[in-house]
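Novice: Let me begin by handing over the structure; questions about it come next.
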Amino acid sequence: MKKDFIYLASASPRRGELLRQIGVPFEVWPASIEEAVAEGEAPEEYVRRLAITKADKIWEEADDDGLEPRPVLAADTAVVLDGRILGKPGTPAEAEAMLAELSGRTHRVLTAVALRCGPKTEALLSAAEVRFRATTAAERRAYCATDEPYDKAGGYGIQGFAAVFVEHLNGSYSAVVGLPLYETALLLDRCGVAPWRQTKTGE
């Protein structure tokens, strides 16, 4: 298996930026899958299942295209409040409602990262707790007038304007952004891909 670069099963620019931060060469190959929560499925199992499914899907698509195998990295993130997964808002009203729920409260951010490197896919989970300060309706409305909330779990991006809402973070910042770098590096090391320590030839 060639390992001079990996496939990233995500079109998220944030995940790409995080991979570049640790010096991992990659090619974007987004995975399109059904993201509905199964009946009775715990949030932890949900993000783990989706990350594994994404990695496996791109591995199989590459094989179907006759391409030489390369490691496939995938991730999935969920914002959880009171045991309920908050998805990605589709409208300003939905985004404002989510932010109102998060105002002055602590929620969990779960991110599973999966790596397909051979016959099996391995996945690790990162869990963080994020507390929002109390926000006003005017603040929430102004934030939802930007482009930030609409492609993000829970309707906010900690790396963007919503950073001003975050009073406390317990856990991995990179996981809240969308790709836990500690867990990602562990998986890549096990696969023989060494972040930032690669030579110019990738050997």
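Scheme for the structure tokens: letters A, B, ... for chains in order shown; per-chain residue numbers from 1; ligand numbers from 1 in order shown.
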Just the residues within 7 Å of range 170-185 of chain A, please, counting only C-alpha atoms, with nothing from its chain fewer than 6 positions along; format it as an MDAnalysis selection string.

Specialist: chainID A and resid 14:15 18 75 77 109 111 113 124 126:130 157:159 195

Novice: Would you kindly return, as a list in words, each protein, DNA or RNA residue with an atom no farther than 10 Å from any atom of Tyr143 in chain A, considering only C-alpha atoms and excluding same-chain residues fewer than 6 positions away?

Specialist: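 That gives Pro92, Ala95, Glu96, Leu99, Ala137, Pro149, Gly155, Tyr156, Phe161 and Ala162 of chain A.
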
Novice: If I take CA of Asp63 in chain A and CA of Trp29 in chain A, how far is one from the other in Å, to one decimal?

Specialist: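 Result for CA of Asp63 in chain A versus CA of Trp29 in chain A: 13.2 Å, one decimal.
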
Novice: Among chain A, which residues does DSSP mark as alpha helix (DSSP H) when it is run on the backbone? Keep the chain and numbering as in the structure and answer as number ranges by chain.

Specialist: A: 13-21, 43-64, 92-102, 137-144, 173-177, 181-191

Novice: Do you know which residues are at most 10 Å from Gly16 in chain A counting only C-alpha atoms, after dropping those on the same chain fewer than 6 positions away, and could you put them as number ranges by chain?

Specialist: A: 8, 10, 24-28, 178-179

Novice: Per DSSP on the backbone, what are the strand (DSSP E) residues of chain A, as a PyMOL selection string?

Specialist: chain A and resi 6-8+26-28+72-81+84-86+106-116+121-132+166-170

Novice: May I have the residues from that selection written out with C-alpha atoms, as an mmCIF file, in the first residue's frame?

Specialist:
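Writing the result to selection_21.cif gives the following:
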```cif
data_model
loop_
_atom_site.group_PDB
_atom_site.id
_atom_site.type_symbol
_atom_site.label_atom_id
_atom_site.label_comp_id
_atom_site.auth_asym_id
_atom_site.auth_seq_id
_atom_site.Cartn_x
_atom_site.Cartn_y
_atom_site.Cartn_z
ATOM 1 C CA ILE A 6 -3.954 9.615 2.257
ATOM 2 C CA TYR A 7 -7.528 10.056 1.108
ATOM 3 C CA LEU A 8 -9.605 12.372 3.290
ATOM 4 C CA PHE A 26 -3.899 14.211 1.500
ATOM 5 C CA GLU A 27 -6.336 14.208 -1.356
ATOM 6 C CA VAL A 28 -9.972 15.075 -0.722
ATOM 7 C CA VAL A 72 -8.533 6.521 4.044
ATOM 8 C CA LEU A 73 -9.280 8.901 6.915
ATOM 9 C CA ALA A 74 -12.811 9.905 7.888
ATOM 10 C CA ALA A 75 -14.475 11.681 10.796
ATOM 11 C CA ASP A 76 -17.894 12.601 12.079
ATOM 12 C CA THR A 77 -18.900 15.164 14.699
ATOM 13 C CA ALA A 78 -22.051 15.539 16.769
ATOM 14 C CA VAL A 79 -23.141 18.226 19.214
ATOM 15 C CA VAL A 80 -25.139 16.644 22.030
ATOM 16 C CA LEU A 81 -27.399 18.463 24.474
ATOM 17 C CA ARG A 84 -30.042 14.695 21.985
ATOM 18 C CA ILE A 85 -28.003 15.200 18.822
ATOM 19 C CA LEU A 86 -28.255 18.688 17.349
ATOM 20 C CA THR A 106 -22.760 23.028 28.747
ATOM 21 C CA HIS A 107 -23.024 20.612 25.826
ATOM 22 C CA ARG A 108 -20.905 17.715 24.598
ATOM 23 C CA VAL A 109 -19.076 17.516 21.291
ATOM 24 C CA LEU A 110 -18.313 13.998 20.098
ATOM 25 C CA THR A 111 -15.957 13.405 17.195
ATOM 26 C CA ALA A 112 -15.069 9.954 15.931
ATOM 27 C CA VAL A 113 -12.114 9.530 13.588
ATOM 28 C CA ALA A 114 -11.694 6.368 11.517
ATOM 29 C CA LEU A 115 -8.822 5.102 9.396
ATOM 30 C CA ARG A 116 -9.052 2.314 6.832
ATOM 31 C CA THR A 121 -11.084 0.026 9.836
ATOM 32 C CA GLU A 122 -10.059 1.351 13.238
ATOM 33 C CA ALA A 123 -11.895 4.192 14.979
ATOM 34 C CA LEU A 124 -11.262 6.346 18.048
ATOM 35 C CA LEU A 125 -13.608 8.739 19.824
ATOM 36 C CA SER A 126 -12.901 12.130 21.359
ATOM 37 C CA ALA A 127 -15.412 13.736 23.732
ATOM 38 C CA ALA A 128 -15.278 17.370 24.826
ATOM 39 C CA GLU A 129 -17.493 19.591 26.946
ATOM 40 C CA VAL A 130 -18.191 23.143 25.799
ATOM 41 C CA ARG A 131 -19.942 25.763 27.909
ATOM 42 C CA PHE A 132 -21.562 28.751 26.235
ATOM 43 C CA VAL A 166 -17.426 29.874 24.478
ATOM 44 C CA GLU A 167 -16.914 30.383 28.192
ATOM 45 C CA HIS A 168 -15.125 27.101 28.890
ATOM 46 C CA LEU A 169 -13.779 24.109 27.006
ATOM 47 C CA ASN A 170 -12.891 20.806 28.614
#
```

Novice: What separation in Å, quoted to one decimal, exists between CA of Ile33 in chain A and CA of Leu50 in chain A?

Specialist: 8.0 Å

Novice: Looking at A:Asp56, A:Asp64, A:Glu35, A:Glu41, which one is nearest to Gly83 in chain A, with distances taken over only C-alpha atoms?

Specialist: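 The shortest atom-to-atom distance to Gly83 in chain A comes from A:Glu41.
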
Novice: Kindly give the distance, in Å, that separates CA of Glu148 in chain A and CA of Ala97 in chain A, rounded to a single decimal.

Specialist: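 Separation of CA of Glu148 in chain A and CA of Ala97 in chain A: 14.9 Å.
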
Novice: Taking into account only C-alpha atoms, which residue in the set A:Ser12, A:Ser103, A:Ser32, A:Gln21 is nearest to Gly154 in chain A?

Specialist: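 Of A:Ser12, A:Ser103, A:Ser32, A:Gln21, the one nearest Gly154 in chain A, counting only C-alpha atoms, is A:Ser103.
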
Novice: May I ask which of the residues A:Val193, A:Ala36, A:Cys117, A:Leu188 is the closest one to Arg49 in chain A, counting only C-alpha atoms?

Specialist: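 Residue with the minimum atom-to-atom distance to Arg49 in chain A: A:Ala36.
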